[in-house]
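K.L.:
Input: one structure, supplied below.
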Amino acid sequence: MTTKNIPNHVGLIMDGNGRWATAKGRERTYGHYMGYKRLKKTATHILNKGVKILSVFAFSTENFQRPKEEVDYLMDLFLTSFKKEIKYFVQNNVKVVFSGRKEPLSDTVYDSMKELEMETISCDGGILNICLNYGGQAEIVDASKLIAESFKNGKIKLEDITVESFYNYLYNELPAIDLLIRTSGELRLSNFMLYSISYSELYFTNTCFPDFDEKEFDEALESYQNRNITKGTIKQK
Ligand code: IPE
Ligand code: IPE
Ligand code: MG
């Protein structure tokens, strides 16, 4: 029996929490809470399938422009769930990392992110990369600054800067995304991991994130496995 092609790195834009809740006559925040519950189950399923890295979009830099009550709710949800789930991730051997800028996150939220990273640092059963206060263009700019710094200090030469080596300056030095999924029917990238998705297979579903369960992921995986994947001629990390 041949093992089917499992993507090494999956990206997931978890969209539609608000609309999911509104359709049920509930507050948008209820959708965020149910999205968090869903992520725990679906992420475990995806990593158990043999995917090595799962990058999820939890909060974009632009999301700070939402109404204060919604932002406050989300920050509180992050803080409590990161603390609460340390045990869960350690038990499931999942290493959690975060991508994004620090400012303007509060110290308490940032500390809970660092704590979750530290507590799961030795886990080797898969990586969950949570993009929080994240922007794809900002990641490229921040990587460019690191490269400029290394060049200035004489650590690297101009010819060391290549498409492949650029990945080493991204927030978590993760390789290219093989399969990118966006839920809730929106057909855009919203500034998600722009450098890493240059040759990703794209999968869009109308299902809102709180309903994106194990079966829904398996359908995305099946679609991926039935494609003719060339990855073009660009050398990926
Ligand atoms: C995604 O769901 C979660 C976050 C952006 C934090 P949305 O909150 O964008 O839900 P919709 O798209 O408005 O339904
Ligand atoms: C993208 O969703 C960010 C997250 C899923 C966290 P948005 O709902 O914020 O994206 P836009 O504003 O519709 O493009
Ligand atoms: Mg949305």
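Going through the structure tokens in order, the chains are called A, B, and so on, while each chain numbers its residues from 1 and the ligands are numbered from 1 in the order shown.
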Residues within 10 Å of segment 35-45 of chain A, please, as an mmCIF file with C-alpha atoms, in the first residue's frame. Count only C-alpha atoms; anything in the same chain fewer than 4 positions from it doesn't count.
P.N.:
data_model
loop_
_atom_site.group_PDB
_atom_site.id
_atom_site.type_symbol
_atom_site.label_atom_id
_atom_site.label_comp_id
_atom_site.auth_asym_id
_atom_site.auth_seq_id
_atom_site.Cartn_x
_atom_site.Cartn_y
_atom_site.Cartn_z
ATOM 1 C CA LEU A 12 -5.276 27.780 7.943
ATOM 2 C CA MET A 14 -9.714 30.594 10.462
ATOM 3 C CA ASP A 15 -12.430 32.913 9.194
ATOM 4 C CA GLY A 16 -16.181 33.295 9.716
ATOM 5 C CA ASN A 17 -16.522 33.086 13.523
ATOM 6 C CA GLY A 18 -18.599 36.277 13.670
ATOM 7 C CA TRP A 20 -21.390 31.836 12.315
ATOM 8 C CA THR A 29 -17.773 36.743 20.678
ATOM 9 C CA TYR A 30 -19.603 33.429 21.052
ATOM 10 C CA GLY A 31 -18.291 32.556 17.593
ATOM 11 C CA LYS A 49 -2.723 12.874 10.131
ATOM 12 C CA GLY A 50 1.031 13.354 9.723
ATOM 13 C CA VAL A 51 1.150 17.068 8.931
ATOM 14 C CA ILE A 53 3.501 22.045 10.848
ATOM 15 C CA LEU A 54 0.156 23.816 11.125
ATOM 16 C CA SER A 55 0.133 27.622 10.869
ATOM 17 C CA VAL A 56 -3.122 29.258 11.907
ATOM 18 C CA ALA A 58 -5.673 33.811 14.964
ATOM 19 C CA LEU A 77 -9.669 34.565 25.377
ATOM 20 C CA PHE A 78 -6.033 34.285 24.241
ATOM 21 C CA SER A 81 -6.739 29.680 26.808
ATOM 22 C CA GLU A 85 -4.029 24.599 27.384
ATOM 23 C CA TYR A 88 -3.087 19.751 26.729
ATOM 24 C CA PHE A 89 -0.301 20.615 24.294
ATOM 25 C CA ASN A 92 -0.262 15.787 22.945
ATOM 26 C CA VAL A 94 2.704 19.641 20.274
ATOM 27 C CA GLY A 126 4.258 18.537 15.425
ATOM 28 C CA ILE A 127 4.379 22.335 15.446
ATOM 29 C CA LEU A 128 1.412 24.647 15.907
ATOM 30 C CA CYS A 208 -17.354 28.867 8.804
ATOM 31 C CA PHE A 209 -14.465 28.046 11.104
ATOM 32 C CA PRO A 210 -16.484 26.835 14.145
ATOM 33 C CA ASP A 211 -17.876 24.077 11.867
ATOM 34 C CA PHE A 212 -14.515 23.183 10.263
ATOM 35 C CA ASP A 213 -14.235 19.725 11.786
ATOM 36 C CA GLU A 214 -12.146 16.610 11.123
ATOM 37 C CA LYS A 215 -14.314 15.574 8.158
ATOM 38 C CA GLU A 216 -13.982 19.038 6.582
ATOM 39 C CA PHE A 217 -10.190 18.856 6.834
ATOM 40 C CA ASP A 218 -10.178 15.365 5.334
#
K.L.:
Which residues are close to segment 60-70 of chain A, i.e. within 8 Å by only C-alpha atoms, leaving aside same-chain residues fewer than 2 positions away? Reply as a list in words.
P.N.:
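So, after excluding close chain neighbours, the residues are Arg28, Thr29, Phe57, Ala58, Asp72, Tyr73, Leu74, Cys131, Leu132, Asn133, Tyr134 and Gly135 of chain A.
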K.L.:
What would the file look like if the residues just selected were written as a short mmCIF file (atom, residue, chain, number, x, y, z; two decimals), in the first residue's frame with N, CA and C atoms?
P.N.:
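Heads up, here's the output in result_11.cif:
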data_model
loop_
_atom_site.label_atom_id
_atom_site.label_comp_id
_atom_site.auth_asym_id
_atom_site.auth_seq_id
_atom_site.Cartn_x
_atom_site.Cartn_y
_atom_site.Cartn_z
N ARG A 28 -21.04 37.97 18.35
CA ARG A 28 -19.86 37.54 17.60
C ARG A 28 -18.84 36.83 18.51
N THR A 29 -18.77 37.31 19.75
CA THR A 29 -17.77 36.74 20.68
C THR A 29 -18.02 35.25 20.94
N PHE A 57 -4.09 31.42 11.44
CA PHE A 57 -4.24 32.87 11.56
C PHE A 57 -5.26 33.12 12.67
N ALA A 58 -4.79 33.59 13.81
CA ALA A 58 -5.67 33.81 14.96
C ALA A 58 -6.09 35.27 15.09
N ASP A 72 -10.98 43.33 23.10
CA ASP A 72 -10.77 42.98 24.52
C ASP A 72 -11.17 41.54 24.79
N TYR A 73 -12.30 41.13 24.20
CA TYR A 73 -12.75 39.75 24.40
C TYR A 73 -11.71 38.76 23.87
N LEU A 74 -11.22 39.05 22.66
CA LEU A 74 -10.25 38.14 22.04
C LEU A 74 -8.95 38.06 22.85
N CYS A 131 -0.40 32.56 14.45
CA CYS A 131 -0.10 33.91 13.96
C CYS A 131 -1.01 34.90 14.67
N LEU A 132 -0.42 35.72 15.54
CA LEU A 132 -1.19 36.62 16.41
C LEU A 132 -0.55 38.00 16.39
N ASN A 133 -1.35 39.00 16.10
CA ASN A 133 -0.83 40.33 15.78
C ASN A 133 0.15 40.18 14.62
N TYR A 134 -0.31 39.44 13.64
CA TYR A 134 0.53 39.05 12.51
C TYR A 134 0.13 39.78 11.22
N GLY A 135 1.13 40.13 10.43
CA GLY A 135 0.92 40.66 9.08
C GLY A 135 2.01 40.10 8.17
#
K.L.:
What's the separation between atom CA of Ile86 of chain A and atom CA of Arg26 of chain A, in Å to one decimal place?
P.N.:
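One can read the atom CA of Ile86 of chain A to atom CA of Arg26 of chain A distance as 29.0 Å.
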K.L.:
Pick from A:Val141, A:Met113, A:Ile181, A:Met118: nearest to ligand 2, with only C-alpha atoms and all ligand atoms counted?
P.N.:
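That would be A:Ile181, the residue with the smallest distance to ligand 2.
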K.L.:
May I have all residues of segment 22-210 of chain A that DSSP, computed from the backbone, assigns to strand (DSSP E), given as a list in words?
P.N.:
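Going through segment 22-210 of chain A, the strand (DSSP E) residues come out as Ile53, Leu54, Ser55, Val56, Phe57, Ala58, Phe59, Ser60, Lys95, Val96, Val97, Phe98, Ser99, Ile127, Leu128, Asn129, Ile130, Cys131, Leu132, Asn133, Tyr134, Leu179, Leu180, Ile181, Arg182, Glu201, Leu202, Tyr203 and Phe204 of chain A.
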K.L.:
Write out as a PyMOL selection string the residues lying within 12 Å of Leu202 of chain A, counting only C-alpha atoms and excluding same-chain residues fewer than 3 positions away.
P.N.:
chain A and resi 10-13+177-183+187-189+197-199+205+220-221+223-224+227+229
K.L.:
Using DSSP on the backbone coordinates, identify all residues within chain A classified as helix (DSSP H, G or I); present the result as a VMD selection string.
P.N.:
chain A and resid 17 to 23 28 to 48 61 to 65 68 to 84 86 to 91 107 to 119 136 to 152 158 to 160 163 to 169 209 to 211 214 to 225
K.L.:
With only C-alpha atoms as the basis for distance, which of A:Cys123, A:His9, A:Ile156, A:Asp142 is at the shortest distance from Ser196 of chain A?
P.N.:
A:His9
K.L.:
Name the closest residue to Ile147 of chain A among the candidates A:Ser200, A:Asn168, A:Asn129, A:Thr108; distances are taken between atoms, counting only C-alpha atoms.
P.N.:
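For Ile147 of chain A, the nearest of the candidates is A:Asn168.
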K.L.:
Considering only C-alpha atoms and all ligand atoms, can you say which of A:Ile130, A:Ala138, A:Leu174, A:Val96 comes closest to ligand 1?
P.N.:
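Using only C-alpha atoms and all ligand atoms, the shortest distance to ligand 1 belongs to A:Ile130.
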K.L.:
Identify which of the residues A:Ser150, A:Thr22, A:Ser99, A:Asn48 lies closest to Glu173 of chain A, counting only C-alpha atoms when measuring atom-to-atom distances.
P.N.:
A:Ser99
K.L.:
Compare A:Glu222, A:Leu194, A:Lys145, A:Gly185 by their minimum atom-to-atom distance to Asn206 of chain A, counting only C-alpha atoms, and give me the closest one.
P.N.:
A:Gly185
